[in-house]
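Structure file model_11.cif (mmCIF, N, CA and C atoms) is printed below.
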data_run
loop_
_atom_site.label_atom_id
_atom_site.label_comp_id
_atom_site.auth_asym_id
_atom_site.auth_seq_id
_atom_site.Cartn_x
_atom_site.Cartn_y
_atom_site.Cartn_z
N MET A 232 -35.79 -12.15 -10.43
CA MET A 232 -34.57 -12.85 -10.73
C MET A 232 -33.39 -11.87 -10.85
N ALA A 233 -33.62 -10.70 -11.43
CA ALA A 233 -32.55 -9.71 -11.59
C ALA A 233 -32.07 -9.20 -10.24
N VAL A 234 -32.98 -9.09 -9.28
CA VAL A 234 -32.61 -8.63 -7.95
C VAL A 234 -31.68 -9.64 -7.28
N VAL A 235 -32.01 -10.91 -7.41
CA VAL A 235 -31.17 -11.95 -6.83
C VAL A 235 -29.80 -11.94 -7.47
N SER A 236 -29.72 -11.80 -8.79
CA SER A 236 -28.44 -11.75 -9.49
C SER A 236 -27.62 -10.55 -9.07
N ALA A 237 -28.25 -9.42 -8.93
CA ALA A 237 -27.55 -8.21 -8.51
C ALA A 237 -27.02 -8.36 -7.09
N LEU A 238 -27.80 -8.98 -6.22
CA LEU A 238 -27.36 -9.20 -4.85
C LEU A 238 -26.21 -10.19 -4.81
N SER A 239 -26.27 -11.22 -5.62
CA SER A 239 -25.19 -12.21 -5.69
C SER A 239 -23.90 -11.56 -6.19
N LEU A 240 -24.01 -10.74 -7.22
CA LEU A 240 -22.84 -10.05 -7.77
C LEU A 240 -22.25 -9.11 -6.72
N GLY A 241 -23.11 -8.43 -6.00
CA GLY A 241 -22.62 -7.53 -4.94
C GLY A 241 -21.87 -8.28 -3.86
N ALA A 242 -22.35 -9.45 -3.50
CA ALA A 242 -21.67 -10.26 -2.48
C ALA A 242 -20.31 -10.71 -2.98
N VAL A 243 -20.24 -11.11 -4.24
CA VAL A 243 -18.96 -11.54 -4.81
C VAL A 243 -17.98 -10.38 -4.87
N LEU A 244 -18.42 -9.23 -5.32
CA LEU A 244 -17.53 -8.07 -5.41
C LEU A 244 -17.07 -7.62 -4.04
N ALA A 245 -17.92 -7.70 -3.05
CA ALA A 245 -17.54 -7.30 -1.68
C ALA A 245 -16.47 -8.22 -1.12
N ALA A 246 -16.46 -9.46 -1.56
CA ALA A 246 -15.49 -10.43 -1.06
C ALA A 246 -14.12 -10.29 -1.72
N LEU A 247 -14.07 -9.64 -2.86
CA LEU A 247 -12.80 -9.47 -3.57
C LEU A 247 -11.96 -8.40 -2.90
N PRO A 248 -10.63 -8.58 -2.89
CA PRO A 248 -9.78 -7.55 -2.29
C PRO A 248 -9.76 -6.29 -3.15
N ALA A 249 -9.69 -5.16 -2.50
CA ALA A 249 -9.56 -3.90 -3.24
C ALA A 249 -8.11 -3.75 -3.66
N TRP A 250 -7.88 -3.33 -4.87
CA TRP A 250 -6.52 -3.18 -5.37
C TRP A 250 -6.20 -1.72 -5.56
N GLY A 251 -5.01 -1.35 -5.19
CA GLY A 251 -4.56 0.00 -5.41
C GLY A 251 -4.30 0.73 -4.10
N TYR A 252 -3.33 1.60 -4.18
CA TYR A 252 -2.89 2.35 -3.01
C TYR A 252 -3.72 3.60 -2.81
N ASN A 253 -3.56 4.18 -1.65
CA ASN A 253 -4.19 5.46 -1.34
C ASN A 253 -3.19 6.56 -1.71
N PRO A 254 -3.51 7.39 -2.70
CA PRO A 254 -2.57 8.43 -3.14
C PRO A 254 -2.15 9.38 -2.01
N ASP A 255 -3.05 9.64 -1.06
CA ASP A 255 -2.71 10.51 0.07
C ASP A 255 -1.62 9.87 0.93
N HIS A 256 -1.65 8.55 1.04
CA HIS A 256 -0.65 7.85 1.84
C HIS A 256 0.71 7.87 1.14
N VAL A 257 0.71 7.73 -0.17
CA VAL A 257 1.98 7.80 -0.92
C VAL A 257 2.58 9.20 -0.76
N GLU A 258 1.74 10.20 -0.83
CA GLU A 258 2.22 11.58 -0.67
C GLU A 258 2.75 11.81 0.75
N ARG A 259 2.07 11.27 1.75
CA ARG A 259 2.55 11.39 3.13
C ARG A 259 3.93 10.75 3.27
N LEU A 260 4.09 9.55 2.67
CA LEU A 260 5.39 8.88 2.72
C LEU A 260 6.45 9.72 2.01
N ARG A 261 6.10 10.30 0.88
CA ARG A 261 7.05 11.13 0.12
C ARG A 261 7.46 12.36 0.93
N GLU A 262 6.51 12.99 1.60
CA GLU A 262 6.79 14.23 2.33
C GLU A 262 7.48 14.01 3.67
N THR A 263 7.09 12.97 4.40
CA THR A 263 7.58 12.81 5.76
C THR A 263 8.57 11.66 5.93
N GLY A 264 8.57 10.71 5.00
CA GLY A 264 9.41 9.53 5.15
C GLY A 264 8.84 8.51 6.11
N ASN A 265 7.62 8.74 6.56
CA ASN A 265 6.94 7.82 7.47
C ASN A 265 5.50 7.64 7.01
N CYS A 266 4.97 6.46 7.31
CA CYS A 266 3.58 6.23 6.92
C CYS A 266 3.03 5.05 7.71
N LEU A 267 2.60 5.29 8.94
CA LEU A 267 2.06 4.25 9.80
C LEU A 267 0.67 3.86 9.34
N ASP A 268 0.43 2.54 9.26
CA ASP A 268 -0.87 1.99 8.88
C ASP A 268 -1.35 2.48 7.51
N CYS A 269 -0.43 2.75 6.62
CA CYS A 269 -0.79 3.26 5.29
C CYS A 269 -1.16 2.15 4.32
N ASP A 270 -2.00 2.48 3.37
CA ASP A 270 -2.37 1.58 2.29
C ASP A 270 -1.50 1.91 1.08
N LEU A 271 -0.46 1.10 0.90
CA LEU A 271 0.49 1.31 -0.19
C LEU A 271 0.46 0.14 -1.17
N ARG A 272 -0.66 -0.59 -1.20
CA ARG A 272 -0.79 -1.74 -2.10
C ARG A 272 -0.57 -1.31 -3.54
N GLN A 273 0.27 -2.07 -4.23
CA GLN A 273 0.53 -1.87 -5.66
C GLN A 273 1.23 -0.54 -5.98
N ALA A 274 1.67 0.21 -4.98
CA ALA A 274 2.34 1.49 -5.23
C ALA A 274 3.73 1.24 -5.83
N ASP A 275 4.13 2.10 -6.74
CA ASP A 275 5.47 2.01 -7.33
C ASP A 275 6.43 2.82 -6.46
N LEU A 276 7.14 2.11 -5.60
CA LEU A 276 8.12 2.74 -4.72
C LEU A 276 9.53 2.36 -5.14
N SER A 277 9.68 1.93 -6.38
CA SER A 277 10.98 1.51 -6.87
C SER A 277 11.96 2.68 -6.83
N GLU A 278 13.14 2.38 -6.34
CA GLU A 278 14.24 3.33 -6.23
C GLU A 278 14.00 4.44 -5.21
N TRP A 279 12.98 4.33 -4.38
CA TRP A 279 12.73 5.33 -3.34
C TRP A 279 13.75 5.16 -2.22
N ASN A 280 14.16 6.26 -1.64
CA ASN A 280 15.01 6.24 -0.46
C ASN A 280 14.11 6.19 0.76
N LEU A 281 13.98 5.00 1.34
CA LEU A 281 13.13 4.80 2.51
C LEU A 281 13.97 4.47 3.74
N ARG A 282 15.22 4.93 3.73
CA ARG A 282 16.11 4.68 4.87
C ARG A 282 15.49 5.25 6.13
N GLY A 283 15.34 4.39 7.14
CA GLY A 283 14.81 4.83 8.42
C GLY A 283 13.32 5.12 8.43
N ALA A 284 12.61 4.84 7.34
CA ALA A 284 11.17 5.12 7.30
C ALA A 284 10.43 4.26 8.31
N ASP A 285 9.41 4.82 8.92
CA ASP A 285 8.54 4.06 9.81
C ASP A 285 7.31 3.64 9.02
N LEU A 286 7.27 2.37 8.68
CA LEU A 286 6.16 1.81 7.91
C LEU A 286 5.39 0.79 8.76
N THR A 287 5.35 1.04 10.05
CA THR A 287 4.64 0.16 10.97
C THR A 287 3.19 -0.02 10.52
N GLY A 288 2.78 -1.27 10.35
CA GLY A 288 1.40 -1.57 9.99
C GLY A 288 1.02 -1.24 8.56
N ALA A 289 1.96 -0.82 7.74
CA ALA A 289 1.64 -0.46 6.35
C ALA A 289 1.31 -1.69 5.53
N ASN A 290 0.40 -1.53 4.59
CA ASN A 290 0.08 -2.60 3.66
C ASN A 290 0.85 -2.35 2.38
N LEU A 291 1.91 -3.14 2.17
CA LEU A 291 2.78 -3.00 1.00
C LEU A 291 2.58 -4.16 0.03
N PHE A 292 1.46 -4.90 0.17
CA PHE A 292 1.22 -6.05 -0.66
C PHE A 292 1.24 -5.64 -2.14
N GLY A 293 2.12 -6.26 -2.90
CA GLY A 293 2.21 -5.99 -4.33
C GLY A 293 2.92 -4.70 -4.69
N ALA A 294 3.42 -3.96 -3.71
CA ALA A 294 4.14 -2.72 -4.01
C ALA A 294 5.46 -3.05 -4.71
N ASN A 295 5.86 -2.20 -5.63
CA ASN A 295 7.14 -2.37 -6.31
C ASN A 295 8.21 -1.70 -5.46
N LEU A 296 9.06 -2.54 -4.84
CA LEU A 296 10.13 -2.05 -3.98
C LEU A 296 11.50 -2.31 -4.60
N ALA A 297 11.52 -2.54 -5.91
CA ALA A 297 12.79 -2.83 -6.60
C ALA A 297 13.76 -1.67 -6.41
N ARG A 298 14.93 -1.99 -5.93
CA ARG A 298 16.03 -1.05 -5.71
C ARG A 298 15.66 0.07 -4.71
N ALA A 299 14.60 -0.13 -3.93
CA ALA A 299 14.28 0.83 -2.86
C ALA A 299 15.23 0.56 -1.69
N ASP A 300 15.68 1.62 -1.04
CA ASP A 300 16.58 1.48 0.09
C ASP A 300 15.75 1.48 1.37
N LEU A 301 15.64 0.30 1.98
CA LEU A 301 14.87 0.14 3.22
C LEU A 301 15.77 -0.04 4.43
N THR A 302 17.02 0.37 4.29
CA THR A 302 17.98 0.24 5.40
C THR A 302 17.43 0.95 6.64
N GLY A 303 17.32 0.21 7.73
CA GLY A 303 16.86 0.78 8.99
C GLY A 303 15.38 1.11 9.06
N ALA A 304 14.62 0.72 8.04
CA ALA A 304 13.19 0.99 8.05
C ALA A 304 12.48 0.10 9.08
N THR A 305 11.43 0.63 9.69
CA THR A 305 10.63 -0.13 10.64
C THR A 305 9.45 -0.71 9.89
N LEU A 306 9.38 -2.05 9.88
CA LEU A 306 8.33 -2.74 9.14
C LEU A 306 7.51 -3.65 10.06
N VAL A 307 7.42 -3.27 11.33
CA VAL A 307 6.66 -4.06 12.30
C VAL A 307 5.20 -4.12 11.86
N ASP A 308 4.67 -5.33 11.81
CA ASP A 308 3.27 -5.58 11.41
C ASP A 308 2.94 -5.11 10.01
N ALA A 309 3.94 -4.85 9.18
CA ALA A 309 3.70 -4.46 7.79
C ALA A 309 3.35 -5.71 6.98
N ASN A 310 2.50 -5.55 5.99
CA ASN A 310 2.13 -6.63 5.09
C ASN A 310 2.94 -6.44 3.82
N ILE A 311 3.94 -7.32 3.65
CA ILE A 311 4.82 -7.19 2.48
C ILE A 311 4.61 -8.37 1.57
#
Would it be possible to restate this file's structure as structure tokens?
Amino acid sequence: MAVVSALSLGAVLAALPAWGYNPDHVERLRETGNCLDCDLRQADLSEWNLRGADLTGANLFGANLARADLTGATLVDANI
């Protein structure tokens, strides 16, 4: 019975979305101003200067973009 419960719990956990950004991707964005296909979920990017940043394909779901400057940023296929 415990094996079945553990397997059921594993299936449920696998179906849940992973929360949280990839710290290496945040650092790449900070250093280069670009981050293609990056995982930036839930990242605090408030007040960041992202003018002209290429965020093509980036996952920004739940990211804090309050007062961030996205003027001219490329957000093609980004998840916002």
**Prompt:** Got a sec to resolve the PyMOL selection byres ((chain A and resi 272) around 7) on this structure and send the residues as a list of chain:residue names?
**Reply:**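 Output of the PyMOL selection byres ((chain A and resi 272) around 7): A:Trp250, A:Gly251, A:Tyr252, A:Asn253, A:Cys269, A:Asp270, A:Leu271, A:Gln273, A:Ala274, A:Asp275, A:Asn290, A:Leu291, A:Phe292, A:Gly293, A:Ala294, A:Asn295.
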**Asked** When you draw a straight line from atom N of Gly303 in chain A to CA of Asp285 in chain A, how long is it in Å?
**Response**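 CA of Asp285 in chain A lies 9.8 Å from atom N of Gly303 in chain A.
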**Request:** Could you list the residues chosen by the PyMOL selection byres ((chain A and resi 304) around 7) in this structure as an MDAnalysis selection string?
**Result:** chainID A and resid 281:286 300:303 305:307
**Request:** Determine which residues of range 246-300 of chain A DSSP labels as helix (DSSP H, G or I) from the backbone of this structure, then write them out as number ranges by chain.
**Result:** A: 246, 254-263
**Request:** For each of A:Arg259, A:Ala289, A:Ala299, A:Glu278, take the minimum atom-to-atom distance to Ile311 in chain A, counting only C-alpha atoms, then give the residue where this is smallest.
**Result:**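 Smallest distance to Ile311 in chain A is found for A:Ala289.
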**Asked** Mind pulling up the distance from CA of Trp279 in chain A to atom C of Asp255 in chain A?
**Response**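 For atom C of Asp255 in chain A relative to CA of Trp279 in chain A, the distance reads 15.6 Å.
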**Asked** What gap, in Å, lies between atom N of Thr287 in chain A and CA of Leu267 in chain A?
**Response**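 Atom N of Thr287 in chain A sits 4.6 Å away from CA of Leu267 in chain A.
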To box range 268-278 of chain A, take all atoms listed in the file, fit an axis-aligned box, add 4 Å on each side, and give centre and edge lengths in Å to one decimal, as lines of an AutoDock Vina configuration file.
center_x = 5.9
center_y = 1.2
center_z = 1.0
size_x = 24.6
size_y = 14.5
size_z = 24.6
Select range 283-299 of chain A in the preceding structure and write all heavy atoms to a file as an mmCIF file, in the first residue's frame.
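Writing the result to out_32.cif gives the following:
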data_model
loop_
_atom_site.group_PDB
_atom_site.id
_atom_site.type_symbol
_atom_site.label_atom_id
_atom_site.label_comp_id
_atom_site.auth_asym_id
_atom_site.auth_seq_id
_atom_site.Cartn_x
_atom_site.Cartn_y
_atom_site.Cartn_z
ATOM 1 N N GLY A 283 15.770 47.430 -24.687
ATOM 2 C CA GLY A 283 16.405 46.726 -25.793
ATOM 3 C C GLY A 283 16.798 45.286 -25.503
ATOM 4 O O GLY A 283 17.434 44.648 -26.341
ATOM 5 N N ALA A 284 16.435 44.759 -24.344
ATOM 6 C CA ALA A 284 16.804 43.379 -24.008
ATOM 7 C C ALA A 284 16.131 42.396 -24.950
ATOM 8 O O ALA A 284 14.998 42.595 -25.368
ATOM 9 C CB ALA A 284 16.396 43.071 -22.566
ATOM 10 N N ASP A 285 16.829 41.340 -25.302
ATOM 11 C CA ASP A 285 16.245 40.269 -26.099
ATOM 12 C C ASP A 285 15.818 39.163 -25.143
ATOM 13 O O ASP A 285 16.652 38.464 -24.582
ATOM 14 C CB ASP A 285 17.229 39.743 -27.133
ATOM 15 C CG ASP A 285 16.581 38.779 -28.121
ATOM 16 O OD1 ASP A 285 15.417 38.373 -27.894
ATOM 17 O OD2 ASP A 285 17.229 38.444 -29.118
ATOM 18 N N LEU A 286 14.521 39.063 -24.946
ATOM 19 C CA LEU A 286 13.947 38.057 -24.054
ATOM 20 C C LEU A 286 13.095 37.064 -24.846
ATOM 21 O O LEU A 286 12.121 36.515 -24.339
ATOM 22 C CB LEU A 286 13.117 38.745 -22.965
ATOM 23 C CG LEU A 286 13.921 39.644 -22.020
ATOM 24 C CD1 LEU A 286 13.015 40.531 -21.200
ATOM 25 C CD2 LEU A 286 14.797 38.800 -21.118
ATOM 26 N N THR A 287 13.500 36.822 -26.076
ATOM 27 C CA THR A 287 12.789 35.888 -26.940
ATOM 28 C C THR A 287 12.664 34.530 -26.252
ATOM 29 O O THR A 287 13.658 33.965 -25.806
ATOM 30 C CB THR A 287 13.528 35.722 -28.288
ATOM 31 O OG1 THR A 287 13.580 36.986 -28.938
ATOM 32 C CG2 THR A 287 12.833 34.711 -29.184
ATOM 33 N N GLY A 288 11.426 34.048 -26.148
ATOM 34 C CA GLY A 288 11.184 32.732 -25.578
ATOM 35 C C GLY A 288 11.365 32.632 -24.078
ATOM 36 O O GLY A 288 11.268 31.540 -23.521
ATOM 37 N N ALA A 289 11.615 33.732 -23.400
ATOM 38 C CA ALA A 289 11.831 33.690 -21.948
ATOM 39 C C ALA A 289 10.534 33.395 -21.216
ATOM 40 O O ALA A 289 9.456 33.809 -21.631
ATOM 41 C CB ALA A 289 12.414 35.014 -21.463
ATOM 42 N N ASN A 290 10.642 32.682 -20.117
ATOM 43 C CA ASN A 290 9.489 32.427 -19.264
ATOM 44 C C ASN A 290 9.532 33.435 -18.122
ATOM 45 O O ASN A 290 10.348 33.335 -17.213
ATOM 46 C CB ASN A 290 9.514 30.997 -18.722
ATOM 47 C CG ASN A 290 8.244 30.651 -17.972
ATOM 48 O OD1 ASN A 290 7.388 31.503 -17.726
ATOM 49 N ND2 ASN A 290 8.109 29.388 -17.619
ATOM 50 N N LEU A 291 8.650 34.432 -18.199
ATOM 51 C CA LEU A 291 8.583 35.498 -17.198
ATOM 52 C C LEU A 291 7.330 35.371 -16.341
ATOM 53 O O LEU A 291 6.943 36.319 -15.663
ATOM 54 C CB LEU A 291 8.587 36.859 -17.901
ATOM 55 C CG LEU A 291 9.881 37.201 -18.629
ATOM 56 C CD1 LEU A 291 9.638 38.238 -19.708
ATOM 57 C CD2 LEU A 291 10.921 37.683 -17.638
ATOM 58 N N PHE A 292 6.697 34.177 -16.352
ATOM 59 C CA PHE A 292 5.472 33.979 -15.618
ATOM 60 C C PHE A 292 5.694 34.296 -14.132
ATOM 61 O O PHE A 292 6.557 33.724 -13.483
ATOM 62 C CB PHE A 292 4.972 32.541 -15.766
ATOM 63 C CG PHE A 292 3.687 32.274 -15.038
ATOM 64 C CD1 PHE A 292 2.489 32.669 -15.588
ATOM 65 C CD2 PHE A 292 3.694 31.650 -13.817
ATOM 66 C CE1 PHE A 292 1.298 32.437 -14.927
ATOM 67 C CE2 PHE A 292 2.518 31.421 -13.137
ATOM 68 C CZ PHE A 292 1.311 31.814 -13.689
ATOM 69 N N GLY A 293 4.930 35.235 -13.611
ATOM 70 C CA GLY A 293 5.012 35.590 -12.205
ATOM 71 C C GLY A 293 6.195 36.466 -11.841
ATOM 72 O O GLY A 293 6.392 36.791 -10.675
ATOM 73 N N ALA A 294 7.012 36.850 -12.812
ATOM 74 C CA ALA A 294 8.162 37.722 -12.515
ATOM 75 C C ALA A 294 7.659 39.109 -12.108
ATOM 76 O O ALA A 294 6.658 39.590 -12.628
ATOM 77 C CB ALA A 294 9.073 37.831 -13.724
ATOM 78 N N ASN A 295 8.356 39.739 -11.192
ATOM 79 C CA ASN A 295 8.015 41.096 -10.770
ATOM 80 C C ASN A 295 8.709 42.062 -11.733
ATOM 81 O O ASN A 295 9.925 42.205 -11.704
ATOM 82 C CB ASN A 295 8.475 41.337 -9.340
ATOM 83 C CG ASN A 295 8.099 42.712 -8.829
ATOM 84 O OD1 ASN A 295 7.569 43.548 -9.565
ATOM 85 N ND2 ASN A 295 8.371 42.950 -7.569
ATOM 86 N N LEU A 296 7.898 42.707 -12.572
ATOM 87 C CA LEU A 296 8.413 43.658 -13.559
ATOM 88 C C LEU A 296 7.979 45.083 -13.227
ATOM 89 O O LEU A 296 8.037 45.964 -14.085
ATOM 90 C CB LEU A 296 7.943 43.268 -14.957
ATOM 91 C CG LEU A 296 8.461 41.926 -15.478
ATOM 92 C CD1 LEU A 296 7.699 41.501 -16.725
ATOM 93 C CD2 LEU A 296 9.953 42.006 -15.748
ATOM 94 N N ALA A 297 7.589 45.310 -11.975
ATOM 95 C CA ALA A 297 7.134 46.641 -11.564
ATOM 96 C C ALA A 297 8.235 47.667 -11.807
ATOM 97 O O ALA A 297 9.375 47.490 -11.395
ATOM 98 C CB ALA A 297 6.742 46.640 -10.088
ATOM 99 N N ARG A 298 7.895 48.709 -12.517
ATOM 100 C CA ARG A 298 8.784 49.827 -12.834
ATOM 101 C C ARG A 298 10.034 49.399 -13.623
ATOM 102 O O ARG A 298 11.009 50.135 -13.689
ATOM 103 C CB ARG A 298 9.163 50.609 -11.573
ATOM 104 C CG ARG A 298 7.956 51.263 -10.904
ATOM 105 C CD ARG A 298 8.300 51.999 -9.626
ATOM 106 N NE ARG A 298 8.946 51.165 -8.608
ATOM 107 C CZ ARG A 298 8.314 50.318 -7.801
ATOM 108 N NH1 ARG A 298 7.029 50.167 -7.890
ATOM 109 N NH2 ARG A 298 8.971 49.631 -6.892
ATOM 110 N N ALA A 299 10.011 48.201 -14.219
ATOM 111 C CA ALA A 299 11.109 47.787 -15.104
ATOM 112 C C ALA A 299 10.922 48.498 -16.442
ATOM 113 O O ALA A 299 9.808 48.683 -16.903
ATOM 114 C CB ALA A 299 11.100 46.281 -15.304
#
